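Engineer: Here it is, the structure, as structure tokens.
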Amino acid sequence: MTMKRLSIAEALRECIRGEMRRDERVFCIGEDIAVRGGWGGAFTVTLGLEKEFSDRMINTPISENGFFGVALGAAMMGLRPIADVQYADFALLAMDQIVNQIAKMRYMSGGKLTVPVTMRAPVGVTGRGAQHSQSLEPFLLPAPGIKIVCPATAYDAVGLLRSAVRCDDPVMMFEHKLLYGSKGARAESGAIDASSEIPEEDYVVPIGRAVVRREGADVTVIATLLMMHRSLQAAALLEQEGIDVEVIDPRSLVPFDWDTVKASVVKTGRVVIVEESPKRNGVGAEIAATLAEEMIDHLTAPIKRVAAPNTPAPFAPPMEEYYVPSVERIAEAVRQVTSY
Amino acid sequence: MTMKRLSIAEALRECIRGEMRRDERVFCIGEDIAVRGGWGGAFTVTLGLEKEFSDRMINTPISENGFFGVALGAAMMGLRPIADVQYADFALLAMDQIVNQIAKMRYMSGGKLTVPVTMRAPVGVTGRGAQHSQSLEPFLLPAPGIKIVCPATAYDAVGLLRSAVRCDDPVMMFEHKLLYGSKGARAESGAIDASSEIPEEDYVVPIGRAVVRREGADVTVIATLLMMHRSLQAAALLEQEGIDVEVIDPRSLVPFDWDTVKASVVKTGRVVIVEESPKRNGVGAEIAATLAEEMIDHLTAPIKRVAAPNTPAPFAPPMEEYYVPSVERIAEAVRQVTSY
Amino acid sequence: MSPTGYGPDFLLDLYRQMVLIRHFEERVKYLFLEGVMPGTIHQCNGQEACAVGVCAALEPADVITSTHRPHGHALAKGITVVEAMGELFGRTTGCCKGKGGSMHLGDLAKGMVPAIAIVGGGIPVATGIALAFKMKKEKRVAVCFMGDGATNEGAFHEGVNMGAIWTLPVVYVVENNLYGASTPVSWVVRTKTISERSRLYGIPGVTIDGNDVLAVYVAAKKAVRRARTGKGPTLLELMTYRITGHSRRDPALYQPEEEKKRALENEPIGRFAKYLLDRQLADQRRLDQIAEEVDQEIEAAVEMALAAPQPKPEDTLQDLFVA
Amino acid sequence: MSPTGYGPDFLLDLYRQMVLIRHFEERVKYLFLEGVMPGTIHQCNGQEACAVGVCAALEPADVITSTHRPHGHALAKGITVVEAMGELFGRTTGCCKGKGGSMHLGDLAKGMVPAIAIVGGGIPVATGIALAFKMKKEKRVAVCFMGDGATNEGAFHEGVNMGAIWTLPVVYVVENNLYGASTPVSWVVRTKTISERSRLYGIPGVTIDGNDVLAVYVAAKKAVRRARTGKGPTLLELMTYRITGHSRRDPALYQPEEEKKRALENEPIGRFAKYLLDRQLADQRRLDQIAEEVDQEIEAAVEMALAAPQPKPEDTLQDLFVA
Ligand SMILES: Cc1ncc(C[n+]2csc(CCOP(=O)(O)OP(=O)(O)O)c2C)c(N)n1
Ligand SMILES: Cc1ncc(C[n+]2csc(CCOP(=O)(O)OP(=O)(O)O)c2C)c(N)n1
Ligand SMILES: [Mg+2]
Ligand SMILES: [Mg+2]
């Protein structure tokens, strides 16, 4: 079994290439994804794919609501679109097609049709101000009918994208700008290495399965994407203080792997949930609420959520730094719940 | 002080009329709001207002994203629009203008401008299937920059709308189709009487202030809109079983009146949160999460959320009845937490 | 009226379909007002020639999208009265097993996507259906029904533009009934016709008498052929009128009496009956017989629907995901 | 070139503004590549005549909306170099106190809404600004800057349609630089010009050489007069070219070399310099002097910005709500 070390952007590109070779029903649709001399979408994921798949890289006008609807129509006819927006913020323009149509169509049909649409959207606060920074997970979690995945490593990105493309249900994949490892003109300052050894073989990461990134006995930290990496850094820091942190990466938000999380909570009795969105009704709200409903007898300290404040993302670096949960803020939250 | 008994639809109509008389900057914008022989929006709220305010009832094309953007532009120039969508579901078409523009504009300007936009949207599952039934609260709670109110009575509808129109910030008011008391061709089957005695004088209900609808010692039930009424019915039922239920109507979701809720939790130690949305990341998620973070030592039983299942709204009546939390389901949840 | 040369079977079938839709709507309205039928309804009385004329130009494998006002489209595309009535009653025998209801009638097996009740929402979807046909090199055509009001939605602009730039096999059919809900089209559209809007996208647009079923059929046939032969979309504007309320109990007081009166004189079924009688393609007895057959079919469907099983409450939890 | 009859002060001011914008962009690019300036940037090199020509036709009380590429619009509408540079550096002296950044430059006090970086997002907003002017019976005009790519967004359709049906005092300005990001306009628009799209809404549309600052000024003047006198919107398409990357370090490899070369020969500042020199409205020394003054102004602004206070971290929590 040969392996290659790939960044998330590279790994996704090779994964899409492989899926398009494997299944001619798979195609890509989005803005700036198929221009020679262009960037392969906003973060180089589809770079160069138009050379091999000239007919299956549909480069759209700037019409987000429109092309998500197009993806839906094509999917109902048996194709398997991968639709991407350049920034998750722009998916707000397509909320009708995503939430009212894509998510509900199978249900409204009485289960008679399938909607195998894969959607991709980059999230994260990265120096671009309020309209290019949102983590859209909280806006899609309340929408029944869409599976949601959030890979933090290249290995998971490939495995989850394969699962998504092969799944007959709509799947939204949120990717983090600072984890892509995009290169050249599209490199990001502040990027973190999320590359992995990618096996040659055709593996998948099942949707709905969490992974324990680090085992620990004292406290359970739950985080995805960039916050997962920062949580691992915080855990390393806390180790020196004698705090043994378990870090769980849910990887999928819908369906959510409650078994893994609950098993950890039984063990540690303490929970910190970290996310990059504003706190109100974020990802952590549902996790904390469910644990409060179902696990209260196992909790030996109050649950703690670490999140952005309830404001849009500010531009200036000192404010942005304050806005996004830092390693130190995560560590401090862990200290609080362990010293409760 | 003279009073008139008015339904919510009538009370809102008189309130809007009063605000438009008081302040010539106030105007209404939306679909089918100003047609003679029409219905005054989808639920008769603006019925006939075009006779008195022919220049200030802006009847738009079917262009939701567009007219919310128009409202924003007009508001920045000093007018005070009241924009409404016919069903909250359609606000998903306007999420860019609502979430990316209206909510962020003041913040992005560094606090230099104001966005006095009032928005109104009818919610509730009412026999119309999956695309005319959503409660949109969960989709706006994660968007910083919008205040959210949910009046359950005509008194509150007037008081909160006055506050909203006079407030320099964007306010979204969710109204419930079954509480309007709309008449004639627009009457709803299954409607509940939410009418109130409306004082003549110019009162307001401050945004961010909850109300205890029923005092009780054993358990705190938190609910807005239709679910508040059903919770009161459940409380009446449970009284006969010797369970003393406190029912809190937050009325505002942003800002949220934590003081009132927490005081109640200190007293009862038990919490049931009821809502009409699918459970995942609903209104109850944030309330439960916050209580789990801040009030865990006061809780003598697990928090319980009563909500719709994580599916779109089905059409057929037996399924719809199962979908929307009933008085009995609320009562059963209360019994569970009190017998814990 | 329209060019002749059609056989009487074909013409009488068009007639039968229009009568079926009209009587279906009338029966449904009655059931609704009686309180027997749940939900809300948007009916197409007066617009039958649009659904029937367009769908007559389609193959079974062609696919339509529809709107909040889908009953006529469904029946014209081959959904049976039993399947439609079952769905309106929310029974398991309905074409969406009771999950959809009136506003989401449809069945892909019959070439109809569950109707999309978000105004304009079907336009990008139909475009995507056509994209799939083109990519799969299938000679099928997508037809997108919409109202005049829908042409002001952003989705119209985005969807039609993509259909145009990619030269897709799709026909955009605008049933212009002069009102978007209660709002007159003249308030919200400044051009004389809606079909002119097609020029913006570089595709042909035509305005047709939408109450003349044969004119509709001829124009649709042409647009469908254009689509099927790879020449791209057409915007077909069908001038018609809704001779009932917008929904439920709407008395449509915003429609001027004079206008309503003219519309009643111009409604498509009476006009087509006259056409058939004038040319002796049928006699009154035959037309009456059709009406009677149709009524029997509807009545049987009502009875079947009322006798059909209701979904179980917990069926709510089914049909969301495949796995 | 364009009609004359303008005083040299006016013409030299147009020149000065264009040079200011160009040099501002060049300095900013350098600061950005050096890593001194935070964030991302979208620059308007080559498109200066659009911003300057249009804004020269406006009164201070008129209001513009802008896009992800707003530096030129901001400077042309009267935001000072100090305020703009301060914002790009995220300082409290910036026109948005560091909350906005490059993509949200603006200040209503100067008649510019904080720029809207959602493509097409400003179109309904500008329409609403114009609605307010009309309702308040103020003789002010709204101008909406957008790119060619933005005209495919639903927001374009909805916004321009409302401007048209209500006859609002608004000018829709399309800077057609032949690309939406990397995508050629010919891939996504089927009509020859974008200004033709105006016909869909029943308003006038014209296509102008957007690298000819006087032609832009004349056309804008006319459209603004039309708006101000209550005759409604105009769609103004300005043909131009971006002679820098789309953003940040983009090498713009999708722009053919030949096309780039022609564009450089056709860029607006060189052309206008030649116009001024040919007509002896200025000599080279005067033009050099302008460049030097402008550079000093920019340099001073950079220094001020670098010396200006950063926002405090907790300032993040301010400015969301009034109360
Ligand atoms: C996005 C959206 N906005 C508003 C509505 C409410 N609504 C239902 S039908 C209708 C009018 C539609 O007009 P038109 O497209 O002309 O179709 P018609 O009703 O005339 O058949 C409106 C406004 C809706 N269903 N969807
Ligand atoms: C709604 C939305 N979709 C996509 C983008 C990403 N994006 C930023 S600029 C741009 C191209 C815009 O093209 P155009 O309108 O022609 O303006 P130009 O960049 O040429 O000035 C795109 C796709 C965005 N900012 N907003
Ligand atoms: Mg209509
Ligand atoms: Mg462009």
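Order determines the names: the first chain of the structure tokens is A, the second B, and so forth; residues in each chain are numbered 1 upward, and ligands are numbered 1 upward as they are shown.
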Select from range 39-157 of chain C everything DSSP, run on the backbone, classes as strand (DSSP E or B), then give the selection as a list in words.
Structural biologist: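 Result set for range 39-157 of chain C (strand (DSSP E or B)): Val63, Ile64, Thr65, Asp107, Met112, Ala142, Val143, Cys144, Phe145, Met146 and Gly147 of chain C.
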Engineer: Store the residues picked out above in a file with N, CA, C and O atoms, as a PDB file, in the first residue's frame.
Structural biologist:
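Final output, saved to selection-v1.pdb:
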ATOM      1  N   VAL C  63     -39.732  15.699 -18.555  1.00  0.00           N
ATOM      2  CA  VAL C  63     -39.967  15.980 -17.133  1.00  0.00           C
ATOM      3  C   VAL C  63     -40.411  17.427 -16.940  1.00  0.00           C
ATOM      4  O   VAL C  63     -39.836  18.345 -17.532  1.00  0.00           O
ATOM      5  N   ILE C  64     -41.439  17.611 -16.124  1.00  0.00           N
ATOM      6  CA  ILE C  64     -41.896  18.972 -15.828  1.00  0.00           C
ATOM      7  C   ILE C  64     -41.637  19.321 -14.358  1.00  0.00           C
ATOM      8  O   ILE C  64     -41.590  18.455 -13.498  1.00  0.00           O
ATOM      9  N   THR C  65     -41.477  20.616 -14.120  1.00  0.00           N
ATOM     10  CA  THR C  65     -41.555  21.121 -12.749  1.00  0.00           C
ATOM     11  C   THR C  65     -42.791  22.006 -12.665  1.00  0.00           C
ATOM     12  O   THR C  65     -43.240  22.571 -13.665  1.00  0.00           O
ATOM     13  N   ASP C 107     -44.627  13.091  -9.222  1.00  0.00           N
ATOM     14  CA  ASP C 107     -44.116  11.726  -9.201  1.00  0.00           C
ATOM     15  C   ASP C 107     -43.147  11.606 -10.364  1.00  0.00           C
ATOM     16  O   ASP C 107     -43.541  11.688 -11.523  1.00  0.00           O
ATOM     17  N   MET C 112     -42.863  14.074 -13.428  1.00  0.00           N
ATOM     18  CA  MET C 112     -43.161  15.327 -12.737  1.00  0.00           C
ATOM     19  C   MET C 112     -42.463  15.360 -11.377  1.00  0.00           C
ATOM     20  O   MET C 112     -42.743  14.530 -10.503  1.00  0.00           O
ATOM     21  N   ALA C 142     -36.909  19.144 -20.602  1.00  0.00           N
ATOM     22  CA  ALA C 142     -37.483  19.600 -19.334  1.00  0.00           C
ATOM     23  C   ALA C 142     -38.406  20.783 -19.608  1.00  0.00           C
ATOM     24  O   ALA C 142     -38.100  21.624 -20.453  1.00  0.00           O
ATOM     25  N   VAL C 143     -39.519  20.799 -18.928  1.00  0.00           N
ATOM     26  CA  VAL C 143     -40.440  21.930 -19.049  1.00  0.00           C
ATOM     27  C   VAL C 143     -40.659  22.518 -17.662  1.00  0.00           C
ATOM     28  O   VAL C 143     -40.952  21.790 -16.711  1.00  0.00           O
ATOM     29  N   CYS C 144     -40.503  23.820 -17.574  1.00  0.00           N
ATOM     30  CA  CYS C 144     -40.647  24.507 -16.300  1.00  0.00           C
ATOM     31  C   CYS C 144     -41.884  25.388 -16.328  1.00  0.00           C
ATOM     32  O   CYS C 144     -41.907  26.407 -17.016  1.00  0.00           O
ATOM     33  N   PHE C 145     -42.919  24.974 -15.599  1.00  0.00           N
ATOM     34  CA  PHE C 145     -44.103  25.832 -15.479  1.00  0.00           C
ATOM     35  C   PHE C 145     -43.862  26.885 -14.406  1.00  0.00           C
ATOM     36  O   PHE C 145     -43.300  26.583 -13.341  1.00  0.00           O
ATOM     37  N   MET C 146     -44.281  28.090 -14.678  1.00  0.00           N
ATOM     38  CA  MET C 146     -44.188  29.151 -13.659  1.00  0.00           C
ATOM     39  C   MET C 146     -45.292  30.169 -13.917  1.00  0.00           C
ATOM     40  O   MET C 146     -45.896  30.192 -15.000  1.00  0.00           O
ATOM     41  N   GLY C 147     -45.543  31.029 -12.939  1.00  0.00           N
ATOM     42  CA  GLY C 147     -46.500  32.112 -13.122  1.00  0.00           C
ATOM     43  C   GLY C 147     -45.798  33.390 -13.544  1.00  0.00           C
ATOM     44  O   GLY C 147     -44.564  33.486 -13.511  1.00  0.00           O
TER      45      GLY C 147
END
Engineer: Please determine the contact residues of chain A with respect to chain D at a cut-off of 7 Å, counting only C-alpha atoms, and supply them as a PyMOL selection string.
Structural biologist: chain A and resi 32+35-38+61-63+127-129+131+185+311+314-316+318-319+322
Engineer: Generate a file of the selected residues that holds C-alpha atoms, formatted as a PDB file, in the first residue's frame.
Structural biologist:
ATOM      1  CA  ASP A  32     -14.292  29.681 -11.358  1.00  0.00           C
ATOM      2  CA  VAL A  35     -10.847  28.165 -16.097  1.00  0.00           C
ATOM      3  CA  ARG A  36      -7.441  27.445 -17.609  1.00  0.00           C
ATOM      4  CA  GLY A  37      -4.998  29.714 -15.873  1.00  0.00           C
ATOM      5  CA  GLY A  38      -7.502  30.134 -13.055  1.00  0.00           C
ATOM      6  CA  PRO A  61     -22.200  32.362 -13.671  1.00  0.00           C
ATOM      7  CA  ILE A  62     -22.173  34.025 -10.252  1.00  0.00           C
ATOM      8  CA  SER A  63     -25.599  32.621  -9.378  1.00  0.00           C
ATOM      9  CA  GLY A 127      -8.620  38.401   7.648  1.00  0.00           C
ATOM     10  CA  ARG A 128     -11.360  39.146   5.200  1.00  0.00           C
ATOM     11  CA  GLY A 129     -13.907  40.838   7.404  1.00  0.00           C
ATOM     12  CA  GLN A 131     -18.760  38.733   4.799  1.00  0.00           C
ATOM     13  CA  ALA A 185      -1.346  32.777  -5.041  1.00  0.00           C
ATOM     14  CA  THR A 311     -20.927  39.624  16.681  1.00  0.00           C
ATOM     15  CA  PRO A 314     -14.276  42.153  12.766  1.00  0.00           C
ATOM     16  CA  PHE A 315     -11.478  42.958  10.354  1.00  0.00           C
ATOM     17  CA  ALA A 316      -8.565  44.379  12.332  1.00  0.00           C
ATOM     18  CA  PRO A 318      -6.247  42.453  17.204  1.00  0.00           C
ATOM     19  CA  MET A 319     -10.018  42.102  17.153  1.00  0.00           C
ATOM     20  CA  TYR A 322      -9.830  38.108  20.149  1.00  0.00           C
TER      21      TYR A 322
END
Engineer: If the cut-off is 10 Å, can you tell me the residues of chain C near chain D, counting only C-alpha atoms? I'd like them as a PyMOL selection string.
Structural biologist: chain C and resi 151-159+161-162+164-166+186-203
Engineer: Once you count only C-alpha atoms, which residues of chain A turn out to be within 6 Å of chain B? Could you give them as a PDB file with N, CA and C atoms, in the first residue's frame?
Structural biologist:
ATOM      1  N   LEU A  92     -25.542  31.499   1.894  1.00  0.00           N
ATOM      2  CA  LEU A  92     -26.752  32.173   2.377  1.00  0.00           C
ATOM      3  C   LEU A  92     -27.628  32.631   1.214  1.00  0.00           C
ATOM      4  N   LEU A  93     -27.003  32.878   0.068  1.00  0.00           N
ATOM      5  CA  LEU A  93     -27.782  33.233  -1.118  1.00  0.00           C
ATOM      6  C   LEU A  93     -28.560  32.042  -1.656  1.00  0.00           C
ATOM      7  N   MET A  95     -29.897  29.558   0.241  1.00  0.00           N
ATOM      8  CA  MET A  95     -30.611  28.862   1.309  1.00  0.00           C
ATOM      9  C   MET A  95     -31.945  28.308   0.830  1.00  0.00           C
ATOM     10  N   ASP A  96     -32.588  28.976  -0.108  1.00  0.00           N
ATOM     11  CA  ASP A  96     -33.843  28.401  -0.586  1.00  0.00           C
ATOM     12  C   ASP A  96     -33.585  27.057  -1.240  1.00  0.00           C
ATOM     13  N   PHE A 139     -26.248  27.401  10.595  1.00  0.00           N
ATOM     14  CA  PHE A 139     -27.378  27.751   9.741  1.00  0.00           C
ATOM     15  C   PHE A 139     -27.943  26.528   9.021  1.00  0.00           C
ATOM     16  N   PRO A 142     -30.216  23.301  11.687  1.00  0.00           N
ATOM     17  CA  PRO A 142     -31.665  23.232  11.916  1.00  0.00           C
ATOM     18  C   PRO A 142     -32.446  22.739  10.697  1.00  0.00           C
ATOM     19  N   PRO A 144     -33.582  19.884   8.496  1.00  0.00           N
ATOM     20  CA  PRO A 144     -33.603  18.428   8.351  1.00  0.00           C
ATOM     21  C   PRO A 144     -33.433  18.043   6.883  1.00  0.00           C
ATOM     22  N   ARG A 280     -24.062  31.833  20.207  1.00  0.00           N
ATOM     23  CA  ARG A 280     -25.505  31.630  20.255  1.00  0.00           C
ATOM     24  C   ARG A 280     -25.978  30.653  19.167  1.00  0.00           C
ATOM     25  N   ASN A 281     -26.632  29.590  19.604  1.00  0.00           N
ATOM     26  CA  ASN A 281     -27.146  28.564  18.694  1.00  0.00           C
ATOM     27  C   ASN A 281     -26.096  27.995  17.753  1.00  0.00           C
ATOM     28  N   ALA A 285     -24.267  24.405  20.994  1.00  0.00           N
ATOM     29  CA  ALA A 285     -25.562  24.505  21.671  1.00  0.00           C
ATOM     30  C   ALA A 285     -26.266  23.158  21.667  1.00  0.00           C
ATOM     31  N   GLU A 286     -26.307  22.527  20.506  1.00  0.00           N
ATOM     32  CA  GLU A 286     -27.011  21.239  20.429  1.00  0.00           C
ATOM     33  C   GLU A 286     -26.283  20.170  21.221  1.00  0.00           C
ATOM     34  N   ALA A 288     -24.285  20.562  23.837  1.00  0.00           N
ATOM     35  CA  ALA A 288     -24.450  20.824  25.264  1.00  0.00           C
ATOM     36  C   ALA A 288     -25.877  20.512  25.708  1.00  0.00           C
ATOM     37  N   ALA A 289     -26.846  20.892  24.894  1.00  0.00           N
ATOM     38  CA  ALA A 289     -28.242  20.661  25.274  1.00  0.00           C
ATOM     39  C   ALA A 289     -28.533  19.168  25.378  1.00  0.00           C
ATOM     40  N   ALA A 292     -27.014  17.809  28.409  1.00  0.00           N
ATOM     41  CA  ALA A 292     -27.767  18.239  29.596  1.00  0.00           C
ATOM     42  C   ALA A 292     -29.044  17.427  29.751  1.00  0.00           C
ATOM     43  N   GLU A 293     -29.597  17.001  28.654  1.00  0.00           N
ATOM     44  CA  GLU A 293     -30.810  16.183  28.730  1.00  0.00           C
ATOM     45  C   GLU A 293     -30.506  14.751  29.131  1.00  0.00           C
ATOM     46  N   ILE A 296     -26.788  14.210  32.383  1.00  0.00           N
ATOM     47  CA  ILE A 296     -26.533  15.125  33.492  1.00  0.00           C
ATOM     48  C   ILE A 296     -25.947  14.396  34.711  1.00  0.00           C
ATOM     49  N   PRO A 302     -19.971  21.865  35.283  1.00  0.00           N
ATOM     50  CA  PRO A 302     -20.806  22.422  34.218  1.00  0.00           C
ATOM     51  C   PRO A 302     -20.119  22.251  32.863  1.00  0.00           C
ATOM     52  N   ILE A 303     -20.929  22.068  31.826  1.00  0.00           N
ATOM     53  CA  ILE A 303     -20.405  22.067  30.457  1.00  0.00           C
ATOM     54  C   ILE A 303     -19.886  23.465  30.153  1.00  0.00           C
ATOM     55  N   LYS A 304     -18.867  23.542  29.328  1.00  0.00           N
ATOM     56  CA  LYS A 304     -18.381  24.863  28.945  1.00  0.00           C
ATOM     57  C   LYS A 304     -18.266  24.942  27.428  1.00  0.00           C
ATOM     58  N   ASN A 310     -20.989  36.933  20.122  1.00  0.00           N
ATOM     59  CA  ASN A 310     -22.153  37.107  19.247  1.00  0.00           C
ATOM     60  C   ASN A 310     -22.085  38.405  18.459  1.00  0.00           C
ATOM     61  N   THR A 311     -21.056  38.501  17.615  1.00  0.00           N
ATOM     62  CA  THR A 311     -20.927  39.624  16.681  1.00  0.00           C
ATOM     63  C   THR A 311     -20.451  39.049  15.349  1.00  0.00           C
TER      64      THR A 311
END
Engineer: I want to know what sits within 8 Å of Glu175 in chain A, based on only C-alpha atoms, with residues of the same chain fewer than 2 positions away left out; could you give that as a list in words?
Structural biologist: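 The filter keeps Arg120, Ala121, Pro122, Val123, Cys150, Pro151, Ala152, Met173, Lys177, Leu179, Tyr180 and Leu225 of chain A.
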Engineer: Do a neighbour search on Ala323 in chain D at 9 Å with only C-alpha atoms, toss out local chain neighbours closer than 4 positions, and write the hits as a list of chain:residue names.
Structural biologist: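 Near neighbours after the sequence-gap exclusion: B:Cys167, B:Asp168, B:Asp169.
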Engineer: Considering only C-alpha atoms and all ligand atoms, state which residue in the set C:Lys139, C:Arg279, C:His42, C:Arg262 is at the smallest distance from ligand 3.
Structural biologist: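 Smallest separation from ligand 3 among the options: C:His42.
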Engineer: Which neighbours of Val170 in chain D fall inside 9 Å, counting only C-alpha atoms, when residues of the same chain fewer than 6 positions from it are skipped, and could you give them as a compact mmCIF listing (two decimals) with N, CA and C atoms, in the first residue's frame?
Structural biologist:
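Below is the file out33.txt, written as the result:
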# COMPACT_ATOMS: atom_id res chain seq x y z
N ALA D 126 -28.89 49.80 -3.11
CA ALA D 126 -28.89 51.09 -3.80
C ALA D 126 -30.31 51.47 -4.23
N THR D 127 -31.06 50.47 -4.63
CA THR D 127 -32.44 50.70 -5.04
C THR D 127 -33.25 51.24 -3.85
N ILE D 129 -32.02 52.87 -1.30
CA ILE D 129 -31.56 54.24 -1.04
C ILE D 129 -32.31 55.21 -1.94
N ALA D 130 -32.44 54.83 -3.19
CA ALA D 130 -33.16 55.68 -4.14
C ALA D 130 -34.64 55.77 -3.78
N LEU D 131 -35.19 54.68 -3.29
CA LEU D 131 -36.60 54.72 -2.86
C LEU D 131 -36.77 55.74 -1.74
N VAL D 141 -29.44 61.31 -5.64
CA VAL D 141 -29.34 60.17 -6.55
C VAL D 141 -28.50 59.07 -5.92
N ALA D 142 -28.89 57.83 -6.14
CA ALA D 142 -28.09 56.68 -5.71
C ALA D 142 -27.37 56.11 -6.92
N VAL D 143 -26.13 55.72 -6.70
CA VAL D 143 -25.37 55.07 -7.77
C VAL D 143 -24.89 53.72 -7.26
N CYS D 144 -25.14 52.71 -8.06
CA CYS D 144 -24.77 51.36 -7.66
C CYS D 144 -23.65 50.86 -8.57
N GLY D 163 -36.10 49.16 -9.19
CA GLY D 163 -35.72 50.52 -9.56
C GLY D 163 -36.52 51.00 -10.76
N ALA D 223 -27.11 60.23 -17.12
CA ALA D 223 -27.89 59.26 -16.35
C ALA D 223 -28.29 59.84 -14.99
N VAL D 224 -27.37 60.58 -14.39
CA VAL D 224 -27.66 61.19 -13.09
C VAL D 224 -28.74 62.27 -13.25
N ALA D 227 -32.01 60.58 -13.55
CA ALA D 227 -32.45 60.10 -12.24
C ALA D 227 -32.96 61.26 -11.39
N ARG D 228 -32.18 62.33 -11.36
CA ARG D 228 -32.50 63.44 -10.46
C ARG D 228 -33.78 64.15 -10.87
N GLY D 232 -36.15 58.20 -13.72
CA GLY D 232 -35.85 56.79 -13.44
C GLY D 232 -34.43 56.36 -13.76
N PRO D 233 -34.20 55.06 -13.61
CA PRO D 233 -32.84 54.50 -13.68
C PRO D 233 -32.28 54.41 -15.10
N THR D 234 -30.96 54.30 -15.14
CA THR D 234 -30.23 53.98 -16.36
C THR D 234 -29.26 52.86 -16.02
Engineer: So which bits of range 76-297 of chain B end up alpha helix (DSSP H) when you DSSP the backbone, as an NGL selection string?
Structural biologist: :B and (76 or 95 or 105-108 or 137-140 or 154-166 or 225-239 or 258-268 or 283-294)
Engineer: Would you mind reading off the distance between CA of Ala331 in chain A and CA of His298 in chain B, one decimal, in Å?
Structural biologist: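 About the pair CA of Ala331 in chain A and CA of His298 in chain B: they are 26.2 Å apart.
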Engineer: How far is it from CA of Arg13 in chain B to CA of Asp193 in chain B, in Å with one decimal?
Structural biologist: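 A separation of 16.8 Å between them.
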Engineer: In Å to one decimal, how far is CA of Cys44 in chain D from CA of Gly94 in chain D?
Structural biologist: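 Value for the CA of Gly94 in chain D-CA of Cys44 in chain D distance: 19.8 Å.
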Engineer: Give me, as a list of chain:residue names, all polymer residues having an atom no more than 10 Å from range 196-198 of chain B, counting only C-alpha atoms and skipping those fewer than 2 positions away in the same chain.
Structural biologist: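 Contacts, with the query itself left out: B:Met1, B:Thr2, B:Met3, B:Lys4, B:Arg5, B:Leu6, B:Ser7, B:Ile8, B:Ala11, B:Thr153, B:Ala154, B:Tyr155, B:Asp156, B:Ala157, B:Val158, B:Gly159, B:Asp193, B:Ala194, B:Glu200, B:Glu201, B:Asp202, B:Tyr203.
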Engineer: Nearest residue to Gly106 in chain C out of A:Asn59, A:Thr224, A:Ser189, A:Ser109, using only C-alpha atoms?
Structural biologist: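 Looking at the shortest contact to Gly106 in chain C, the residue is A:Ser109.
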Engineer: May I have the residues within 12 Å of Gly5 in chain C as a PyMOL selection string, using only C-alpha atoms and disregarding those fewer than 4 positions away in the same chain?
Structural biologist: chain C and resi 9-11+214+218+279+281
Engineer: Could you write out the selected residues, including N, CA and C atoms, as an mmCIF file, in the first residue's frame?
Structural biologist:
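Ended up saving to selection_7.cif:
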data_model
loop_
_atom_site.group_PDB
_atom_site.id
_atom_site.type_symbol
_atom_site.label_atom_id
_atom_site.label_comp_id
_atom_site.auth_asym_id
_atom_site.auth_seq_id
_atom_site.Cartn_x
_atom_site.Cartn_y
_atom_site.Cartn_z
ATOM 1 N N ASP C 9 -59.722 12.043 -32.315
ATOM 2 C CA ASP C 9 -59.337 11.387 -31.067
ATOM 3 C C ASP C 9 -58.412 12.284 -30.263
ATOM 4 N N PHE C 10 -57.434 12.821 -30.972
ATOM 5 C CA PHE C 10 -56.473 13.705 -30.321
ATOM 6 C C PHE C 10 -57.194 14.924 -29.729
ATOM 7 N N LEU C 11 -58.059 15.506 -30.550
ATOM 8 C CA LEU C 11 -58.736 16.729 -30.100
ATOM 9 C C LEU C 11 -59.663 16.439 -28.922
ATOM 10 N N LEU C 214 -55.114 24.637 -28.756
ATOM 11 C CA LEU C 214 -54.350 24.224 -29.935
ATOM 12 C C LEU C 214 -53.187 25.176 -30.207
ATOM 13 N N VAL C 218 -49.362 23.983 -30.386
ATOM 14 C CA VAL C 218 -48.484 24.255 -31.537
ATOM 15 C C VAL C 218 -47.211 24.962 -31.075
ATOM 16 N N ARG C 279 -66.996 22.738 -35.905
ATOM 17 C CA ARG C 279 -66.396 21.927 -36.975
ATOM 18 C C ARG C 279 -66.975 20.515 -37.011
ATOM 19 N N LEU C 281 -66.662 18.179 -35.044
ATOM 20 C CA LEU C 281 -65.717 17.138 -34.610
ATOM 21 C C LEU C 281 -66.321 16.356 -33.453
#
